[in-house]
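> Have a peek at entry16.cif (mmCIF, C-alpha atoms).
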```cif
data_work
#
loop_
_atom_site.label_atom_id
_atom_site.label_comp_id
_atom_site.auth_asym_id
_atom_site.auth_seq_id
_atom_site.Cartn_x
_atom_site.Cartn_y
_atom_site.Cartn_z
CA MET A 22 -76.42 18.99 10.27
CA LYS A 23 -74.54 15.70 10.04
CA ILE A 24 -76.28 14.80 6.78
CA LYS A 25 -75.10 18.03 5.15
CA ARG A 26 -71.51 17.49 6.25
CA TYR A 27 -71.56 13.90 5.00
CA SER A 28 -73.01 14.90 1.64
CA LYS A 29 -70.44 17.69 1.22
CA ASN A 30 -67.63 15.29 2.06
CA LEU A 31 -68.96 12.65 -0.34
CA PHE A 32 -69.57 15.27 -3.03
CA GLY A 33 -66.01 16.55 -2.62
CA LYS A 34 -64.58 13.08 -3.09
CA LYS A 35 -66.67 12.53 -6.20
CA ILE A 36 -65.51 15.87 -7.61
CA VAL A 37 -61.91 14.71 -7.32
CA CYS A 38 -62.76 11.55 -9.27
CA ILE A 39 -64.72 13.48 -11.89
CA VAL A 40 -61.93 16.00 -12.47
CA PHE A 41 -58.83 13.83 -12.17
CA GLY A 42 -60.24 10.33 -12.66
CA HIS A 43 -60.31 7.42 -10.25
CA GLN A 44 -57.14 6.45 -8.39
CA PHE A 45 -57.48 2.66 -8.40
CA ILE A 46 -55.50 0.46 -6.03
CA GLU A 47 -55.36 -3.31 -6.52
CA THR A 48 -57.12 -5.02 -3.62
CA LYS A 49 -57.22 -8.63 -4.81
CA LYS A 50 -55.29 -10.56 -7.43
CA VAL A 51 -57.73 -13.15 -8.82
CA ASN A 52 -55.32 -14.75 -11.29
CA ILE A 53 -52.75 -13.65 -13.87
CA HIS A 54 -55.30 -11.82 -16.01
CA PHE A 55 -57.93 -10.53 -13.55
CA SER A 56 -57.73 -8.32 -10.48
CA GLU A 57 -60.10 -6.36 -8.26
CA PHE A 58 -59.51 -2.66 -7.67
CA GLU A 59 -60.84 0.06 -5.36
CA CYS A 60 -60.70 3.84 -5.80
CA SER A 61 -58.82 5.45 -2.94
CA TYR A 62 -61.10 8.54 -3.04
CA CYS A 63 -64.69 7.37 -3.55
CA LYS A 64 -64.26 3.64 -2.67
CA MET A 65 -65.75 2.52 -6.01
CA GLN A 66 -64.88 -1.11 -6.74
CA ALA A 67 -63.87 -2.29 -10.20
CA THR A 68 -62.49 -5.34 -11.98
CA ASN A 69 -60.99 -6.16 -15.35
CA ASP A 70 -63.25 -7.32 -18.15
CA LYS A 71 -62.35 -9.75 -20.92
CA ILE A 72 -60.56 -7.11 -23.02
CA GLY A 73 -58.60 -5.62 -20.11
CA LYS A 74 -60.62 -2.48 -19.32
CA LYS A 75 -61.86 -1.71 -15.82
CA THR A 76 -65.59 -2.13 -15.20
CA ALA A 77 -67.72 -1.60 -12.09
CA LEU A 78 -67.73 -4.63 -9.80
CA THR A 79 -71.23 -6.11 -9.57
CA ASN A 80 -72.37 -9.08 -7.49
CA GLU A 81 -72.28 -11.29 -10.58
CA LEU A 82 -68.72 -10.28 -11.43
CA LYS A 83 -67.68 -10.73 -7.81
CA GLU A 84 -68.97 -14.33 -7.85
CA ILE A 85 -67.15 -14.98 -11.13
CA ASN A 86 -63.91 -13.63 -9.66
CA GLU A 87 -64.31 -15.83 -6.56
CA THR A 88 -64.82 -18.88 -8.79
CA LEU A 89 -61.79 -18.02 -10.91
CA SER A 90 -59.71 -17.55 -7.76
CA TYR A 91 -60.86 -20.93 -6.43
CA LEU A 92 -60.05 -22.65 -9.74
CA ASN A 93 -56.64 -20.99 -9.83
CA LEU A 94 -55.84 -22.21 -6.30
CA LYS A 95 -57.04 -25.71 -7.17
CA LYS A 96 -54.84 -25.71 -10.27
CA ILE A 97 -51.77 -24.69 -8.26
CA LEU A 98 -52.30 -27.32 -5.57
#
```
As structure tokens, how would this structure be written, given the file I've shared?

Amino acid sequence: MKIKRYSKNLFGKKIVCIVFGHQFIETKKVNIHFSEFECSYCKMQATNDKIGKKTALTNELKEINETLSYLNLKKIL
């Protein structure tokens, strides 16, 4: 029974994103140009790409963002 309730709840959240689009909230400011975002409904994580569009956050992109954040902090200090 719990699996059915969980799948209905998850399916309902995905329906909202499919119909209305993701509601992204900025979770981390990497530097002036790049940020990390998270959808408030389905918890999908995204980041900016080189042309400014949002793309899904993969492990590789997460490492790149961490490196950029470190370099930005080093530059400031």
> Taking the file as shown, what set of residues would the PyMOL selection byres ((chain A and resi 45-56) around 7) give back, as a ChimeraX atom specification?
/A:43-44,57-61,68-69,86,89-90,93
> Kindly indicate which residue among A:Leu82, A:Ala77, A:Leu92, A:Ile36 lies nearest to A:Cys63, using only C-alpha atoms for the distances.
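Counting only C-alpha atoms, the residue closest to A:Cys63 is A:Ile36.
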> Determine the nearest neighbour of A:Asn80 from the options A:Ala67, A:Lys34, A:Tyr62, A:Lys96, counting only C-alpha atoms.
A:Ala67
> For the atom pair atom CA of A:Cys38 and atom CA of A:Lys74, what is the interatomic distance in Å to one decimal place?
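Separation between atom CA of A:Cys38 and atom CA of A:Lys74: 17.4 Å.
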> Take atom CA of A:Glu84 and atom CA of A:Ile72 and report the distance between them in Å, one decimal.
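Atom-to-atom, atom CA of A:Glu84 to atom CA of A:Ile72, that is 18.8 Å.
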> Between atom CA of A:Lys35 and atom CA of A:Thr76, what is the spacing in Å?
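Computed distance, atom CA of A:Thr76 to atom CA of A:Lys35, equals 17.2 Å.
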